[in-house]
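Asks: Dropping the structure in here first, questions after.
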Number of protein chains: 2
Amino acid sequence: MAKKARTAITPTRDENYPEWYQQVVKASDMAENSPVRGCMVIKPWGYALWENIVREMDDIFKETGVKNAYFPLFIPLSFLEKEAEHVEGFAKECAVVTHHRLEPSPDGGLVPAGKLAEPLVVRPTSETIIGDSFSKWVNSHRDLPILLNQWANVVRWEMRTRTFLRTSEFLWQEGHTVHATEEEAIERTEMMLEVYAKFAEEYLALPVIRGRKSKSERFPGAVDTMCIESMMQDRKALQAGTSHFLGQNFAKGSGIKFQNDKEQEQYAWTTSWGVSTRMIGGVIMTHGDDDGMIMPPRVASSHVVLLPIYKSDEDKEKVLEYTKALEKELKSVYYHHRKITVELDDRNIGGSRVWEWVKKGIPLRVEIGPRDIAEDSVFMARRDQPKKQSMKKDQFISEITDILDDMQKNLYDKAVAYREENTVNIDRTDEFYKFFTPENKNTPEIHGGFAMSHWCGSEGCEETIKKDLSVTIRCIPFDGVKEEGNCIVCSDKSSERVVFAKSY
Amino acid sequence: MAKKARTAITPTRDENYPEWYQQVVKASDMAENSPVRGCMVIKPWGYALWENIVREMDDIFKETGVKNAYFPLFIPLSFLEKEAEHVEGFAKECAVVTHHRLEPSPDGGLVPAGKLAEPLVVRPTSETIIGDSFSKWVNSHRDLPILLNQWANVVRWEMRTRTFLRTSEFLWQEGHTVHATEEEAIERTEMMLEVYAKFAEEYLALPVIRGRKSKSERFPGAVDTMCIESMMQDRKALQAGTSHFLGQNFAKGSGIKFQNDKEQEQYAWTTSWGVSTRMIGGVIMTHGDDDGMIMPPRVASSHVVLLPIYKSDEDKEKVLEYTKALEKELKSVYYHHRKITVELDDRNIGGSRVWEWVKKGIPLRVEIGPRDIAEDSVFMARRDQPKKQSMKKDQFISEITDILDDMQKNLYDKAVAYREENTVNIDRTDEFYKFFTPENKNTPEIHGGFAMSHWCGSEGCEETIKKDLSVTIRCIPFDGVKEEGNCIVCSDKSSERVVFAKSY
């Protein structure tokens, strides 16, 4: 048996995918668990990625006319109860504030005191508290539309948590809009889903399937939930963003009414849409390899690390001077909307230093030693390719944006190819079951991938698949093939294929 | 009696300053109270100001080597108890999470369920939860310094709240740093205070006094609290930012230890520093006038509003076309780090439209009608000056950044002059008492201003003044005059004057 190549991450993806994920998060120094159950600490290298996502996405939102605002962290219990499905969906995982101070207890510690008349729920999402403001702000059709977004933390008391993917507290944006007509609200729901899809593809290099959820997977209280779904390297699906058409449900719950142009009072139509720090988990699981994280250049925490190499003190001075000059030049280059960011790691500690940056997933590594300087060259490695290459320094500076763009494209193309390889049209029930049954019981995560199969539309068939295989309908794709077929479970007639997959 | 000039805000500052403040907040559409006790809703026009503050300040932090991260919203009660003064300082105003779900009650509603083993406090500040991470991250002197910042929401259950100035939930940044030596930690504390002072002066146009707090006014658990203090138009002081040297207090509480270069284990030295949405209250109270808000151009929610004026449909088309072309040109001009932002208000509803923008405090208003277009001119008004002027359009475009800079400087100069007018050296006790006693009992807010007086350093004298006059030592200024004198209360010897004032 051939000797296995050494990898920076143990176990590898093939050996144990969930554990590989945790090890990549750790080795990349992006985040860690906190002592507070299910809450994470986002470390600077992980937070910088989130900051870039926020900045780019915020600009795009604003281009569509959305403005930012901020609403209270706390939601009175009575507000949450205004929409029946909504409160049912969130009641089981709420952090509840019941007291507003601490006082000494007989045993010397502190205990909660000052009981609140009405408990406050730490927002799991803000439809009801924002709806209350909307009900005051909307009077006439001239007040519409309202297009708001907030960047905030939310809390859902999840039982099983995993860094970035599912945490009790996470960071997100939640957009909330109010419209005079159903058509306009649906149009906005679709528009924001497309914003998410393009962002995922163009910035995160995540190919996504755009579609709508089946009824059982909808946001609690929504009339229609649209989503983008992406395939991870264990072939499971990750929902990377959702956009909800809320109909008049929340408008009725919160009393968002207006005089229409015929001077009749009517309820407004609302939408909400969100993406969260969960996307970072998607980036890790789509692009990471057995050596650790790989960051898509357009949102990377930093673009390039400079690694000066020297032995003598004389060399040290020369090499550091050259490296600092290069740093300065690179920092003045624009890559898309922002300037190139550069790390200068002058620890001069050889191999372990290089591997740290490999594991962190920085797009480009540049080694600079006395011989490179003699030739006015740099020694460059791209995180997504094994080979390193010597380049003239000036060529590197003039081509760096092209190199980053090429890497961005390469990551996307690889992810598309992976998804296509692992997406299969399946029409026979036994084949479907086999597809989702792992061959090796030691790696239960590895299975077929996405099955494009027919579904009759019944919740019963959906439930059967979920119970038997832990497989759900990820979405009914917008651009799916319309064709006659038979439900994969009950063989009833169906007019289109849907995406079945295991999911995060 | 001469007829009083009409003002857009009722009451005026002289009539009722606190109520004037609330009316400006309302009329400017920056924020409003929420149904959640003491929490505010920050509306888009107010949030945009905060966003600009965040962006500019974040860049400055990063230039000093600080990186952003994110820590949990919740702090286990036992963590808060690790520093005795600290927990005492915050115990009386904590939101406490005691349950993690809701379940149906017999009467049909929902009640808190799933009691937590240990209550969680919603962070009032994060020294203890971040200290826990630091204790894991710091092992050797080579791990130091650590320079982190987080942008976050915090909760302090204040009994009396006022929008922006004192709210149960507010937005802020909190910087937390760890150092190997006392000197380095003090240097960082001073550095960040200077960052705040410069930001207040150069961006918010708030002149500030830099100094340190007396012991009784220190942050709970700090060894030294440095602050910037600014005078509002009711002559009260507003603390606009604080920077704390925490000594080894929190390092001992959280166990932040490292091996120094002599291989001895020792506790680290920490700092923390913060500014919050409270600064927005300071901007309103420093620059606002009886017509509403006045925004300093460098952080203004938007720079200029274009107000097309027309009567006929023919004019409408012409005027709108001209206005849109102007909008496009203006938007390509850079003012400091960001592009000019432009509002185009084409409601064409005359006077009330102009007054809305006056009350919102946008720096520049530009009216454009058919006659202006005929002369290729615009009619421009600056929010800080009564006169309007006609200018050639091209001149306006080429001079807009100078006009904004001039307004920025004018606001600052006016605020400096106001503070100087109302700051007095006082050496006699009776004069001191008279200075802080309002002449008219109907306007208790109006009083002398800042008294620069001698203080012996005793907490007793501080307490007497606080009890008698609700006046506190705002700070012991860094650049105060060192001179012999006698304490304003007890006549004991003193070597410098301190700032006495009423405060927010």
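FYI, nothing fancy with the structure tokens labels: chains A, B, ... in order, residues from 1 per chain, ligands from 1 as they appear.
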Counting only C-alpha atoms, what is within 12 Å of B:Asn260, bar same-chain residues fewer than 2 positions away, as a PyMOL selection string?
Replies: chain B and resi 138-144+179-181+257-258+262-268
Asks: Please return, as a PyMOL selection string, all residues of stretch 126-353 of chain A that DSSP assigns to strand (DSSP E) on the basis of the backbone.
Replies: chain A and resi 146-155+169-179+209-212+224-231+237-245+257-259+265-267+269-276+304-308+334-335+338-339+342-344
Asks: Taking only C-alpha atoms into account and nothing else, which residues of chain A lie no more than 7 Å away from chain B? Please answer as number ranges by chain.
Replies: A: 36, 39-44, 47, 67-72, 74, 76, 91-103, 112, 157
Asks: For B:Thr10, find every residue with an atom within 12 Å (counting only C-alpha atoms), except residues of its own chain fewer than 4 positions away, and show them as a ChimeraX atom specification.
Replies: /B:5-6,14-24,26-27,289-292,359
Asks: Create the file for the chosen residues now, containing C-alpha atoms and written as a PDB file, in the first residue's frame.
Replies:
```pdb
ATOM      1  CA  ALA B   5     -39.138  84.368  15.627  1.00  0.00           C
ATOM      2  CA  ARG B   6     -40.885  81.160  14.676  1.00  0.00           C
ATOM      3  CA  ASP B  14     -34.198  78.183  26.471  1.00  0.00           C
ATOM      4  CA  GLU B  15     -37.774  77.235  27.253  1.00  0.00           C
ATOM      5  CA  ASN B  16     -37.231  73.597  28.151  1.00  0.00           C
ATOM      6  CA  TYR B  17     -33.969  72.001  27.206  1.00  0.00           C
ATOM      7  CA  PRO B  18     -34.775  68.329  27.964  1.00  0.00           C
ATOM      8  CA  GLU B  19     -38.040  68.546  26.082  1.00  0.00           C
ATOM      9  CA  TRP B  20     -36.322  70.395  23.204  1.00  0.00           C
ATOM     10  CA  TYR B  21     -33.938  67.425  22.997  1.00  0.00           C
ATOM     11  CA  GLN B  22     -36.742  64.884  22.754  1.00  0.00           C
ATOM     12  CA  GLN B  23     -38.498  66.979  20.127  1.00  0.00           C
ATOM     13  CA  VAL B  24     -35.330  67.247  18.021  1.00  0.00           C
ATOM     14  CA  LYS B  26     -38.458  63.079  17.012  1.00  0.00           C
ATOM     15  CA  ALA B  27     -38.492  65.828  14.373  1.00  0.00           C
ATOM     16  CA  ASP B 289     -30.614  74.588  17.347  1.00  0.00           C
ATOM     17  CA  ASP B 290     -34.225  75.707  17.736  1.00  0.00           C
ATOM     18  CA  ASP B 291     -34.938  74.497  14.210  1.00  0.00           C
ATOM     19  CA  GLY B 292     -33.741  70.966  14.946  1.00  0.00           C
ATOM     20  CA  LYS B 359     -35.141  69.536  11.128  1.00  0.00           C
TER      21      LYS B 359
END
```
Asks: Need the shell around A:Lys482: protein/DNA/RNA residues with any atom at most 12 Å away, counting only C-alpha atoms. Skip same-chain ones fewer than 6 positions apart. Format as JSON, numbers by chain?
Replies: {"A": [452, 453, 454, 476, 494, 495, 496, 497, 498]}
